[in-house]
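Working notes, structure below.
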Amino acid sequence: MDGVLVHENQAIRGAAELIQQWTDQGKPFLVLTNNSIFTPRDLAARLRASGLSVPEEAIWTSALATADFLASQIPGGSAYVIGEAGLTTALHEAGYILTDTAPDYVVVGETRNYSFEAITKAIRLIGAGARFIVTNPDATGPSNEGPLPATGAVAALIERATGRTPYVVGKPNPMMFRSAMNRIGAHSENTGMIGDRMDTDVVAGIEAGLHTVLVMTGISDRTEIERYPFRPDEVLDSVADLLDPEPAPTVGAED
């Protein structure tokens with residue numbers, strides 16, 4: 001989403017037209033984000049404010065992917081959650097009970113309200129046998145004042161305190177893409193991934209067997225590609241390069 005369709009809450013050139021093109025063609029698509037704070041409804045509203053019309057059912061977050069994964073592992077299970085509405089809502093809708101009493105899982109997601117008490121509780125529950133899950137590995141997140149500690153940083157604290165390595169569901173885990181494809185009934189052989197990061201989007205797309213497209217409107221530039229032992233299938237300036245060409249005007253003969 002960020003760096004591909006929007007930048008600093010403004011639609012990137014060609015994004016609105018590409019979404020409309022897919023919609024007109026009946027081509028299924030999902031907008032993916034590792035951010036687990038917001039619900040799809042919240043994100044659809046934020047995209048509308050940026051000038052993009054994306055229905056909430058076309059948004060797939062790391063929170064939804066995490067809830068989907070947990071429901072497949074222990075249906076109707078329980079979890080202690082450090083996170084916001086995007087994560088707690090997804091888990092509730094997946095049939096999970098949120099509790100701090102002997103939960104099956106401790107799930108850590110993005111939040112702007114980490115507390116020492118909540119982190120301490122998570123450490124103790126994991127020590128007592130709860131399985132450790134993290135929605136995404138991002139160590140920092142952006143803000144107007146500069147970087148903020150994010151999910152990966154808090155997860156590292158808990159990992160160090162417990163000696164337990166978490167299972168991370170979001171990108172670069174290709175499971176994020178596989179669960180997204182299951183959502184829309186897609187198959188890897190005819191599905192593409194458009195992203196702006198080599199270390200999460202492209203590597204996960206490759207491992208999920210997708211056609212990978214890296215765009216230059218986000219965090220990566222062409223020199224960064226050389227740092228990695230893998231390559232995207234395509235490198236484009238922006239999503240505008242994916243628009244179908246305009247048909248040539250018809251020239252009529254004059255009498």
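In the structure tokens, chains take the letters A, B, ... in the order shown, each chain's residues start at 1, and ligands count up from 1 in the order shown.
For segment 150-165 of chain A, the non-local neighbours within 8 Å, defined as residues at least 4 positions apart in the same chain or in other chains and counting only C-alpha atoms, are Val108, Gly109, Glu110, Thr111, Ile119, Ala122, Ile123, Ile126, Gly127, Phe132, Val134, Thr135, Asn136, Pro137, Asp138, Ala139, Thr140 and Gly141 of chain A.
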List as a tab-separated table every residue of segment 10-30 of chain A that is in contact with segment 57-63 of chain A, defined as an atom at most 9 Å from one of its atoms (using only C-alpha atoms), together with the nearest atom pair and the distance in Å rounded to one decimal, sorted by chain and then rising number.
```
residue	atom	partner	partner_atom	distance
A:Pro28	CA	A:Ala58	CA	8.4
A:Phe29	CA	A:Ala58	CA	6.6
A:Leu30	CA	A:Ala58	CA	4.7
```
Atoms to include: all heavy atoms. Write the selected residues as an mmCIF file, in the first residue's frame.
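The result, stored in result21.cif:
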```cif
data_model
loop_
_atom_site.group_PDB
_atom_site.id
_atom_site.type_symbol
_atom_site.label_atom_id
_atom_site.label_comp_id
_atom_site.auth_asym_id
_atom_site.auth_seq_id
_atom_site.Cartn_x
_atom_site.Cartn_y
_atom_site.Cartn_z
ATOM 1 N N PRO A 28 -9.391 -9.817 -10.062
ATOM 2 C CA PRO A 28 -9.318 -9.787 -8.594
ATOM 3 C C PRO A 28 -7.973 -9.251 -8.113
ATOM 4 O O PRO A 28 -6.929 -9.557 -8.687
ATOM 5 C CB PRO A 28 -9.515 -11.251 -8.191
ATOM 6 C CG PRO A 28 -9.118 -12.043 -9.399
ATOM 7 C CD PRO A 28 -9.453 -11.199 -10.582
ATOM 8 N N PHE A 29 -8.017 -8.443 -7.068
ATOM 9 C CA PHE A 29 -6.784 -7.902 -6.496
ATOM 10 C C PHE A 29 -6.979 -7.665 -5.007
ATOM 11 O O PHE A 29 -8.101 -7.534 -4.519
ATOM 12 C CB PHE A 29 -6.393 -6.590 -7.197
ATOM 13 C CG PHE A 29 -7.319 -5.435 -6.899
ATOM 14 C CD1 PHE A 29 -7.057 -4.560 -5.851
ATOM 15 C CD2 PHE A 29 -8.448 -5.213 -7.680
ATOM 16 C CE1 PHE A 29 -7.906 -3.508 -5.569
ATOM 17 C CE2 PHE A 29 -9.312 -4.156 -7.412
ATOM 18 C CZ PHE A 29 -9.035 -3.292 -6.348
ATOM 19 N N LEU A 30 -5.867 -7.617 -4.303
ATOM 20 C CA LEU A 30 -5.868 -7.261 -2.887
ATOM 21 C C LEU A 30 -4.771 -6.243 -2.630
ATOM 22 O O LEU A 30 -3.696 -6.320 -3.220
ATOM 23 C CB LEU A 30 -5.609 -8.484 -2.005
ATOM 24 C CG LEU A 30 -6.748 -9.481 -1.791
ATOM 25 C CD1 LEU A 30 -6.264 -10.627 -0.905
ATOM 26 C CD2 LEU A 30 -7.951 -8.810 -1.145
#
```
Report as a ChimeraX atom specification: the residues of segment 144-194 of chain A with a DSSP assignment of strand (DSSP E or B), based on the backbone of this structure.
/A:148-149,167-168,192-194
Let me see the file: selected residues, N, CA, C and O atoms, as a PDB file, in the first residue's frame.
```
ATOM      1  N   LEU A 148       9.597   5.371  14.906  1.00  0.00           N
ATOM      2  CA  LEU A 148       8.997   4.881  16.147  1.00  0.00           C
ATOM      3  C   LEU A 148       9.330   3.404  16.314  1.00  0.00           C
ATOM      4  O   LEU A 148       9.405   2.674  15.320  1.00  0.00           O
ATOM      5  N   PRO A 149       9.539   2.927  17.542  1.00  0.00           N
ATOM      6  CA  PRO A 149       9.711   1.479  17.717  1.00  0.00           C
ATOM      7  C   PRO A 149       8.437   0.762  17.303  1.00  0.00           C
ATOM      8  O   PRO A 149       7.335   1.195  17.642  1.00  0.00           O
ATOM      9  N   TYR A 167       6.973 -16.888  15.833  1.00  0.00           N
ATOM     10  CA  TYR A 167       6.636 -17.145  14.437  1.00  0.00           C
ATOM     11  C   TYR A 167       6.028 -15.867  13.882  1.00  0.00           C
ATOM     12  O   TYR A 167       5.049 -15.338  14.431  1.00  0.00           O
ATOM     13  N   VAL A 168       6.624 -15.352  12.805  1.00  0.00           N
ATOM     14  CA  VAL A 168       6.195 -14.086  12.211  1.00  0.00           C
ATOM     15  C   VAL A 168       5.344 -14.380  10.983  1.00  0.00           C
ATOM     16  O   VAL A 168       5.812 -15.015  10.036  1.00  0.00           O
ATOM     17  N   GLY A 192       0.532 -11.681  -9.786  1.00  0.00           N
ATOM     18  CA  GLY A 192       1.688 -10.798  -9.644  1.00  0.00           C
ATOM     19  C   GLY A 192       1.679 -10.095  -8.307  1.00  0.00           C
ATOM     20  O   GLY A 192       0.628  -9.896  -7.691  1.00  0.00           O
ATOM     21  N   MET A 193       2.867  -9.717  -7.827  1.00  0.00           N
ATOM     22  CA  MET A 193       3.048  -8.943  -6.608  1.00  0.00           C
ATOM     23  C   MET A 193       3.727  -7.630  -6.984  1.00  0.00           C
ATOM     24  O   MET A 193       4.762  -7.628  -7.640  1.00  0.00           O
ATOM     25  N   ILE A 194       3.140  -6.509  -6.579  1.00  0.00           N
ATOM     26  CA  ILE A 194       3.724  -5.200  -6.832  1.00  0.00           C
ATOM     27  C   ILE A 194       4.123  -4.613  -5.487  1.00  0.00           C
ATOM     28  O   ILE A 194       3.269  -4.423  -4.613  1.00  0.00           O
TER      29      ILE A 194
END
```
What's around Phe69 of chain A at 12 Å? Count only C-alpha atoms, leave out sequence neighbours fewer than 3 positions away in its own chain, and write the answer as a PyMOL selection string.
chain A and resi 62-66+72-77+90-91+94+96+105+107+133-135+167-170+175-176+178-180+182
Of A:Val202, A:Ala11, A:Leu5, A:Ile37, the one sitting nearest Ala85 of chain A when using only C-alpha atoms is A:Ile37
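Comparing the minimum interatomic distances between Ala16 of chain A and each of A:Asn34, A:Thr101, A:Thr200, A:Ser50, counting only C-alpha atoms, we find that A:Ser50 sits nearest.
Residues within 9 Å of Leu210 of chain A, counting only C-alpha atoms and excluding same-chain residues fewer than 6 positions away, are Phe177, His187, Ser188, Glu189, Asn190, Thr191, Gly192, Met193 and Ala204 of chain A.
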Emit the selected residues as a short mmCIF file (atom, residue, chain, number, x, y, z; two decimals), in the first residue's frame, including C-alpha atoms.
```cif
data_model
loop_
_atom_site.label_atom_id
_atom_site.label_comp_id
_atom_site.auth_asym_id
_atom_site.auth_seq_id
_atom_site.Cartn_x
_atom_site.Cartn_y
_atom_site.Cartn_z
CA PHE A 177 0.80 -13.84 0.10
CA HIS A 187 -2.99 -19.22 -8.15
CA SER A 188 0.68 -18.36 -8.09
CA GLU A 189 1.23 -19.11 -11.77
CA ASN A 190 -0.99 -16.21 -12.86
CA THR A 191 -0.61 -13.79 -9.95
CA GLY A 192 1.69 -10.80 -9.64
CA MET A 193 3.05 -8.94 -6.61
CA ALA A 204 8.23 -12.99 -0.16
#
```
All residues 10 Å or closer to Pro55 of chain A, only C-alpha atoms, same chain fewer than 6 positions away omitted, as a PDB file with N, CA and C atoms, in the first residue's frame:
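File result.pdb, as written:
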```
ATOM      1  N   LEU A  30      -5.867  -7.617  -4.303  1.00  0.00           N
ATOM      2  CA  LEU A  30      -5.868  -7.261  -2.887  1.00  0.00           C
ATOM      3  C   LEU A  30      -4.771  -6.243  -2.630  1.00  0.00           C
ATOM      4  N   VAL A  31      -5.056  -5.308  -1.758  1.00  0.00           N
ATOM      5  CA  VAL A  31      -4.060  -4.360  -1.279  1.00  0.00           C
ATOM      6  C   VAL A  31      -3.543  -4.896   0.052  1.00  0.00           C
ATOM      7  N   PRO A  40      -9.679  -3.287   7.959  1.00  0.00           N
ATOM      8  CA  PRO A  40      -9.856  -2.966   6.542  1.00  0.00           C
ATOM      9  C   PRO A  40     -10.782  -1.782   6.307  1.00  0.00           C
ATOM     10  N   ARG A  41     -11.816  -1.636   7.133  1.00  0.00           N
ATOM     11  CA  ARG A  41     -12.718  -0.496   6.985  1.00  0.00           C
ATOM     12  C   ARG A  41     -11.976   0.823   7.230  1.00  0.00           C
ATOM     13  N   LEU A  43      -8.771   1.333   6.833  1.00  0.00           N
ATOM     14  CA  LEU A  43      -7.813   1.554   5.746  1.00  0.00           C
ATOM     15  C   LEU A  43      -8.516   1.979   4.465  1.00  0.00           C
ATOM     16  N   ALA A  44      -9.699   1.419   4.195  1.00  0.00           N
ATOM     17  CA  ALA A  44     -10.460   1.835   3.012  1.00  0.00           C
ATOM     18  C   ALA A  44     -10.805   3.315   3.104  1.00  0.00           C
ATOM     19  N   ALA A  45     -11.160   3.777   4.312  1.00  0.00           N
ATOM     20  CA  ALA A  45     -11.480   5.195   4.503  1.00  0.00           C
ATOM     21  C   ALA A  45     -10.246   6.063   4.306  1.00  0.00           C
ATOM     22  N   LEU A  47      -7.675   5.343   2.406  1.00  0.00           N
ATOM     23  CA  LEU A  47      -7.374   5.355   0.979  1.00  0.00           C
ATOM     24  C   LEU A  47      -8.325   6.279   0.224  1.00  0.00           C
ATOM     25  N   ARG A  48      -9.598   6.279   0.615  1.00  0.00           N
ATOM     26  CA  ARG A  48     -10.551   7.201  -0.016  1.00  0.00           C
ATOM     27  C   ARG A  48     -10.122   8.646   0.175  1.00  0.00           C
TER      28      ARG A  48
END
```
Filtered DSSP result for segment 5-254 of chain A, state alpha helix (DSSP H), as an NGL selection string:
:A and (15-25 or 40-49 or 62-73 or 85-93 or 116-127 or 151-162 or 175-184 or 203-207 or 222-225)
